[in-house]
Amino acid sequence: MTATAEPEASDREVGKARLRKEDARLITGATRWTDNMQLTGMLHMALLRSPVAHARITAIDVTEAVKMPGVLMVLTGQDVAAEQGSLPCAWPITEDMLAPPAPSLAVDRVNFAGEAVALVVARSAAEAHDALAAIDVDYDDLPVVLDMERAVADDADLVHPDLGSNKSATWIFDSAEAGTGADVDQALADSEVVVERTFRQQRLIPAFMEPRSVVVDPSPDSVTMWSATQVPHILRWMLSAVLGIPEQQIRVIAPDVGGGFGGKLQVTPEEVLTLVVARRLGKPVKWTETRTESMLSAHHGRDQLQRITVGASRDGKVTGLKVDLLADMGAYLRLVTPGVPILGAFMFNAIYKFPAYRFTCTNVFTNKVPTDAYRGAGRPEATFAIERIMDELAAELGLDPMDLRERNWIKHDEFPFTTVAGLTYDSGHYEAATDRAKELFGYDALRREQSERRANGDPVQLGIGISTYTEMCGLAPSRVLGALRYAAGGWEHAALRMLPTGKVELITGTSPHGQGHVTAWSQIVADRLGVPFEDVEVLHGDTRVSHRGMDSYGSRSLAVGGVAVVLAADKVLAKARTVAAHLMEAGEGDVEFAAGKFTVRGTSTALSLGDVVVAAHVAHNLPDGMEPGLDAEATFDPDNFSYPHGTHLCATEVDTRTGAVKIRSYVCVDDVGKVVNPMIVEGQVHGGLAQGIAQALYEEAVHDEYGTLTTATLADYLLPSAVDLPHFTTDRTETPALSNPLGVKGVGEAGTIASTPAVVNSIVDALRHMGVDDVEMPCTPMRVWKAINRRGDAVPTTPGAGGGLGSVNVDDQAHARGGAE
Amino acid sequence: MIPAAFDYVAPTTVDEAVRALAAGGEDAKVMAGGQSLIPVLRMRLAAPTLVVDLSGLTELTGVHDDGDSLRIGAMTTHYEVQRDPLVREHAGLLRLATDTVADPQVRHRGTFGGSLAHADPAGDLLAPALALDAVMVCAGPSGTREVPAAEFFVDYFTTALAPDELLTHVKVPKLTGWGAHYEKFNRVAQAWSIVAVAAAVRVSGGRITAARVGLTNMASTPVRARAVEEALVGQEATAEAITAAATRAAEGADPPTDNNADAEYRSHLARVLTERAVTAAVSA
């Protein structure tokens with residue numbers, strides 16, 4: 001046995017499908033959501049939001065509102081202009097990026113429908129909402145900019161006239177300039193086959209289950225904020241920067257947080273405003289949004305126009321890849337808005353060996369809700385476009401789309417492989433994942449059935465969609481982030497407190513909001529220290545407890561934060577070994593550690609870790625000069641991303657008469673490296689698939705010509721439920737990541753990234769013989785029917801059936817046709 | 001979200017309810033199961049001054065055999081309709097349509113009468129009521145009156161009910177031994193119908209002797225596909241005859257255009273779904 005022996009496989013916690021420690025509390029409703037917080041004397045804030053997308057505010061009359069029952073304060077943007085600062089954008093992607101000031105409360109102009117223009121603080125939430133109706137705002141309409149292609153034209157109306165342009169920035173990666181590949185224009189000019197397509201990534205709404213909520217408790221010398229956030233540490237830092245409050249006087253707590261999907265990776269106007277009014281009044285204040293308010297004002301995701309060109313030889317070898325993006329920023333640049341499409345720059349080439357590549361992205365302002373991170377952030381967009389066009393290229397070449405992929409992907413014996421985008425993929429085995437997926441799917445039999453249905457003219461056609469994806473996870477090596485002009489680092493921190501009873505408190509800088517870190521981190525610590533799983537308590541999400549952290553997003557928590565846990569545990573063990581050797585009067589080299597026990601080689605002398613912890617705690621007999629205690633902390637900064645990959649196969653039945661799409665089978669085989677808890681991984685895959693499939697088939701944020709969001713309720717913005725989704729057949733292959741000692745790669749986004757193109761490819765595949773080569777997302781029955789029948793692609797923007805709950809124009813009571821049911 | 005303030009009464013008899021409505025005037029709202037009204041109130045899309053809650057009117061629940069027709073209390077829940085043996089035997093179309101309403105939670109709270117009085121043309125029970133020639137029993141200050149379904153649905157969310165009137169019962173003529181089917185088309189399970197078709201047919205000796213076809217969400221009210229009905233009656237119950245008849249499904253409809261379907265696509269769906277509904281009803 002070596003000195004750092006792992007426990008026996010059967011005793012090992014890592015790899016075990018442990019039930020989640022969090023769930024008893026979450027499932028029985030014993031949770032503490034932010035909105036559950038009740039503080040003595042607490043007041044309630046409500047926000048009045050603009051019903052128009054672009055206008056000058058000419059007057060706001062609050063005289064009636066301040067007289068309303070229970071109202072303590074009514075403020076407009078003018079009232080807080082000097083104090084509110086500008087909301088932060090931490091990712092200025094270019095030196096000359098245009099960025100407008102971003103007020104929390106609009107001062108003299110509104111730039112999207114849903115932007116806050118006034119606030120009320122009252123004794124109850126009901127009184128605060130009642131008073132909103134008594135505020136009178138005069139708007140002087142300005143031209144509304146909605147369409148990105150029109151927004152970048154020379155004579156376009158401007159979202160921010162002061163900036164002189166709707167183009168915020170243009171960011172380019174060119175493999176010839178970077179020295180990672182050849183010149184793409186030359187490569188395409190020399191190609192035997194060139195295929196170009198334009199794909200639309202529709203705008204999506206993150207739709208986390210718990211609405212956003214903030215509670216602020218001010219005291220004269222410090223302020224505590226509870227917020228339904230993914231990023232308590234970043235939030236604290238940014239609140240200090242925006243409002244000028246000394247950082248040591250701010251405590252941020254993320255209590256139980258009900259999902260985020262990137263939607264709570266933000267520093268929000270509502271957080272700033274709740275803090276401002278709580279400090280002014282000297283009283284605790286709560287703000288909790290409604291679902292519609294969330295959809296109208298919390299950041300959206302995706303929204304790109306992607307022009308993608310691929311070159312190839314007749315025998316199916318890719319020769320070059322050119323990508324031109326327009327990315328919709330919305331009206332303002334929020335925390336990482338500009339960087340989201342840039343994260344995709346490194347992923348368009350995917351798993352294929354392109355010799356030449358150029359990526360150009362233009363970030364565009366429109367009068368819509370700002371966009372920002374949403375599950376996958378940049379990578380689903382890239383994966384969609386490349387996987388879609390590989391199918392189009394296969395059709396052009398007359399090859400089976402899987403065959404084309406096999407001819408071009410990186411072979412397993414070619415790892416590590418440096419791509420044309422300059423990343424080094426450390427490990428992977430695309431052949432193994434694909435073979436397993438095809439076997440589970442019955443690929444060849446489904447292809448035969450597809451031929452039969454085509455031959456018979458079956459009104460229900462069968463399509464097969466492929467997505468052989470990879471992604472970059474574990475955000476991120478700090479140096480890389482610095483090179484990309486991101487303002488923060490990508491490390492993560494962990495600390496272990498060894499308690500005198502032998503129990504363990506682990507403090508993590510990650511901020512779980514549904515992922516199960518408490519369980520997975522306990523498994524890691526249990527193995528590393530040989531303590532029972534139950535003896536580990538994981539603390540997180542409170543900046544007074546977890547003082548260092550970079551929080552949770554970008555599938556980084558395990559691959560970066562979990563590794564910090566390992567490093568901290570190793571520091572505890574290193575010191576414990578010294579103490580144990582001292583107590584057992586042995587040389588350190590003769591001391592072995594296994595299953596929570598130190599032994600001296602060749603003797604029966606033994607000390608449990610618990611004994612050593614007590615000895616270090618009481619400090620009666622420690623080596624000279626040694627500090628008491630075994631507590632340790634560690635910070636891990638990865639030197640590379642991790643690269644999960646996999647093969648997803650989707651079979652859909654398309655009713656060619658109605659356009660209805662039904663997923664008949666869905667198989668995914670993912671390689672997410674080593675797995676700490678297979679049940680948690682399975683849950684992440686299922687949830688990810690649901691969201692990716694939802695982009696393909698259901699979800700879309702639609703605006704009418706005035707910039708009103710017409711899908712502002714969950715009756716209009718369609719989320720699938722379990723009955724709308726197929727049974728998922730999942731499996732894994734495993735090539736450990738080489739970039740971290742756990743060998744883990746991250747799994748939070750894989751399902752979302754991979755599944756969208758698999759679904760759309762299957763729909764197009766079902767209809768290709770009918771002359772269809774694309775269906776815009778979401779592939780609604782009407783869009784599919786129009787594609788089959790060449791009816792164009794115009795889709796109305798008025799809300800559909802929904803019991804009168806459709807378009808929510810906050811100023812328009814036209815839908816007030818309630819009734820009885 | 002929080003509704004605007006309103007007064008609330010919970011009468012225990014129809015008379016009390018009618019008096020409360022009369023006293024409440026134009027801005028009074030009736031609440032049956034609350035499955036449509038509560039969301040509208042919470043979003044402040046409506047701000048009634050008075051809500052008259054009918055949940056205490058036990059006299060308006062249950063399904064009764066009334067000879068040639070069923071008499072269904074307006075406060076009978078969807079769940080009760082689904083499981084009622086009289087409905088199953090004599091009004092199979094109603095049961096099949098009720099099965100598709102929303103989800104189990106809603107079906108336990110929502111009521112048959114509430115759905116009809118709400119008059120959402122995308123609601124699933126209007127077209128069956130129309131196809132079955134149901135008769136609405138309405139109570140007002142001057143007594144009760146009966147309104148046939150064809151006259152009851154006036155426009156989007158608008159019925160022939162006066163502000164001080166209450167829908168108390170629905171008379172559904174028995175169509176015992178008829179085949180029926182409700183063909184619903186939507187994007188996710190809990191969504192409203194984009195289009196749906198309610199069909200009931202009587203087949204005798206291989207020939208269609210009677211047919212009723214109602215369309216959901218093809219106009220501001222439910223619509224009878226009379227042209228289809230006429231084309232079916234007297235025909236052999238063959239695929240060809242049904243297909244030919246179904247091509248006339250959108251005649252007389254005035255389909256709305258929205259994000260899920262424009263008018264052209266809705267009309268197309270009505271034809272395809274009518275073919276499917278009638279085909280299923282014939283073989284039911």
# chains A, B, ... in the order shown; residues from 1 in each chain; ligands from 1

call {"tool": "residues_around", "arguments": {"residues": "Val278 (chain B)", "least_positions_apart": "6", "cutoff": "8 Å", "atoms": "only C-alpha atoms", "output": "PyMOL selection string"}}
result
chain B and resi 180-181+199-201+242

call {"tool": "residues_around", "arguments": {"residues": "His300 (chain A)", "least_positions_apart": "3", "cutoff": "7 Å", "atoms": "only C-alpha atoms", "output": "JSON, numbers by chain"}}
result
{"A": [203, 204, 205, 206, 369, 370, 371, 372]}

call {"tool": "closest_residue", "arguments": {"among": "B:Arg276, B:His268, B:His64, B:Arg207", "to": "chain A", "atoms": "only C-alpha atoms"}}
result
B:His268

call {"tool": "select_by_dssp", "arguments": {"residues": "region 445-643 of chain A", "states": "alpha helix (DSSP H)", "output": "PyMOL selection string"}}
result
chain A and resi 445-456+478-483+517-529+563-583+609-618

call {"tool": "residues_around", "arguments": {"residues": "region 433-442 of chain A", "least_positions_apart": "6", "cutoff": "9 Å", "atoms": "only C-alpha atoms", "output": "list of chain:residue names"}}
result
A:Thr468, A:His645, A:Gly646, A:Thr647, A:His648, A:Leu649, A:Cys650, A:Ala651, A:Ser665, A:Tyr666, A:Val667, A:Cys668, A:Val669, A:Asp670, A:Asp671, A:Thr729, A:Thr730, A:Asp731, A:Arg732, A:Thr733, A:Glu734

call {"tool": "decode", "arguments": {"residues": "region 178-196 of chain A", "atoms": "N, CA and C atoms", "output": "mmCIF file, in the first residue's frame"}}
result
data_model
loop_
_atom_site.group_PDB
_atom_site.id
_atom_site.type_symbol
_atom_site.label_atom_id
_atom_site.label_comp_id
_atom_site.auth_asym_id
_atom_site.auth_seq_id
_atom_site.Cartn_x
_atom_site.Cartn_y
_atom_site.Cartn_z
ATOM 1 N N ALA A 178 -3.329 34.180 -35.751
ATOM 2 C CA ALA A 178 -2.951 33.588 -34.465
ATOM 3 C C ALA A 178 -1.860 32.539 -34.617
ATOM 4 N N GLY A 179 -1.610 32.143 -35.841
ATOM 5 C CA GLY A 179 -0.608 31.102 -36.061
ATOM 6 C C GLY A 179 -1.095 29.707 -35.732
ATOM 7 N N THR A 180 -2.412 29.549 -35.631
ATOM 8 C CA THR A 180 -2.960 28.227 -35.299
ATOM 9 C C THR A 180 -3.515 27.526 -36.528
ATOM 10 N N GLY A 181 -3.432 28.181 -37.680
ATOM 11 C CA GLY A 181 -3.967 27.554 -38.891
ATOM 12 C C GLY A 181 -3.733 28.440 -40.087
ATOM 13 N N ALA A 182 -4.343 28.048 -41.193
ATOM 14 C CA ALA A 182 -4.105 28.733 -42.462
ATOM 15 C C ALA A 182 -5.109 29.870 -42.647
ATOM 16 N N ASP A 183 -4.980 30.563 -43.767
ATOM 17 C CA ASP A 183 -5.884 31.662 -44.107
ATOM 18 C C ASP A 183 -7.189 31.088 -44.647
ATOM 19 N N VAL A 184 -8.297 31.494 -44.047
ATOM 20 C CA VAL A 184 -9.556 30.834 -44.357
ATOM 21 C C VAL A 184 -10.096 31.240 -45.724
ATOM 22 N N ASP A 185 -9.884 32.477 -46.133
ATOM 23 C CA ASP A 185 -10.404 32.887 -47.442
ATOM 24 C C ASP A 185 -9.730 32.090 -48.558
ATOM 25 N N GLN A 186 -8.427 31.933 -48.410
ATOM 26 C CA GLN A 186 -7.693 31.134 -49.401
ATOM 27 C C GLN A 186 -8.188 29.684 -49.364
ATOM 28 N N ALA A 187 -8.362 29.163 -48.145
ATOM 29 C CA ALA A 187 -8.785 27.764 -48.009
ATOM 30 C C ALA A 187 -10.153 27.545 -48.654
ATOM 31 N N LEU A 188 -11.066 28.485 -48.441
ATOM 32 C CA LEU A 188 -12.409 28.331 -49.030
ATOM 33 C C LEU A 188 -12.346 28.490 -50.551
ATOM 34 N N ALA A 189 -11.487 29.424 -51.017
ATOM 35 C CA ALA A 189 -11.358 29.624 -52.464
ATOM 36 C C ALA A 189 -10.832 28.357 -53.130
ATOM 37 N N ASP A 190 -10.005 27.634 -52.407
ATOM 38 C CA ASP A 190 -9.412 26.412 -52.971
ATOM 39 C C ASP A 190 -10.280 25.174 -52.765
ATOM 40 N N SER A 191 -11.416 25.330 -52.080
ATOM 41 C CA SER A 191 -12.212 24.147 -51.723
ATOM 42 C C SER A 191 -13.062 23.669 -52.898
ATOM 43 N N GLU A 192 -13.211 22.383 -52.999
ATOM 44 C CA GLU A 192 -14.053 21.806 -54.062
ATOM 45 C C GLU A 192 -15.531 22.051 -53.780
ATOM 46 N N VAL A 193 -15.867 22.076 -52.495
ATOM 47 C CA VAL A 193 -17.262 22.276 -52.111
ATOM 48 C C VAL A 193 -17.304 23.349 -51.018
ATOM 49 N N VAL A 194 -18.219 24.293 -51.156
ATOM 50 C CA VAL A 194 -18.422 25.299 -50.105
ATOM 51 C C VAL A 194 -19.911 25.360 -49.792
ATOM 52 N N VAL A 195 -20.244 25.262 -48.528
ATOM 53 C CA VAL A 195 -21.648 25.353 -48.103
ATOM 54 C C VAL A 195 -21.770 26.513 -47.130
ATOM 55 N N GLU A 196 -22.760 27.363 -47.389
ATOM 56 C CA GLU A 196 -22.974 28.497 -46.489
ATOM 57 C C GLU A 196 -24.426 28.493 -46.031
#
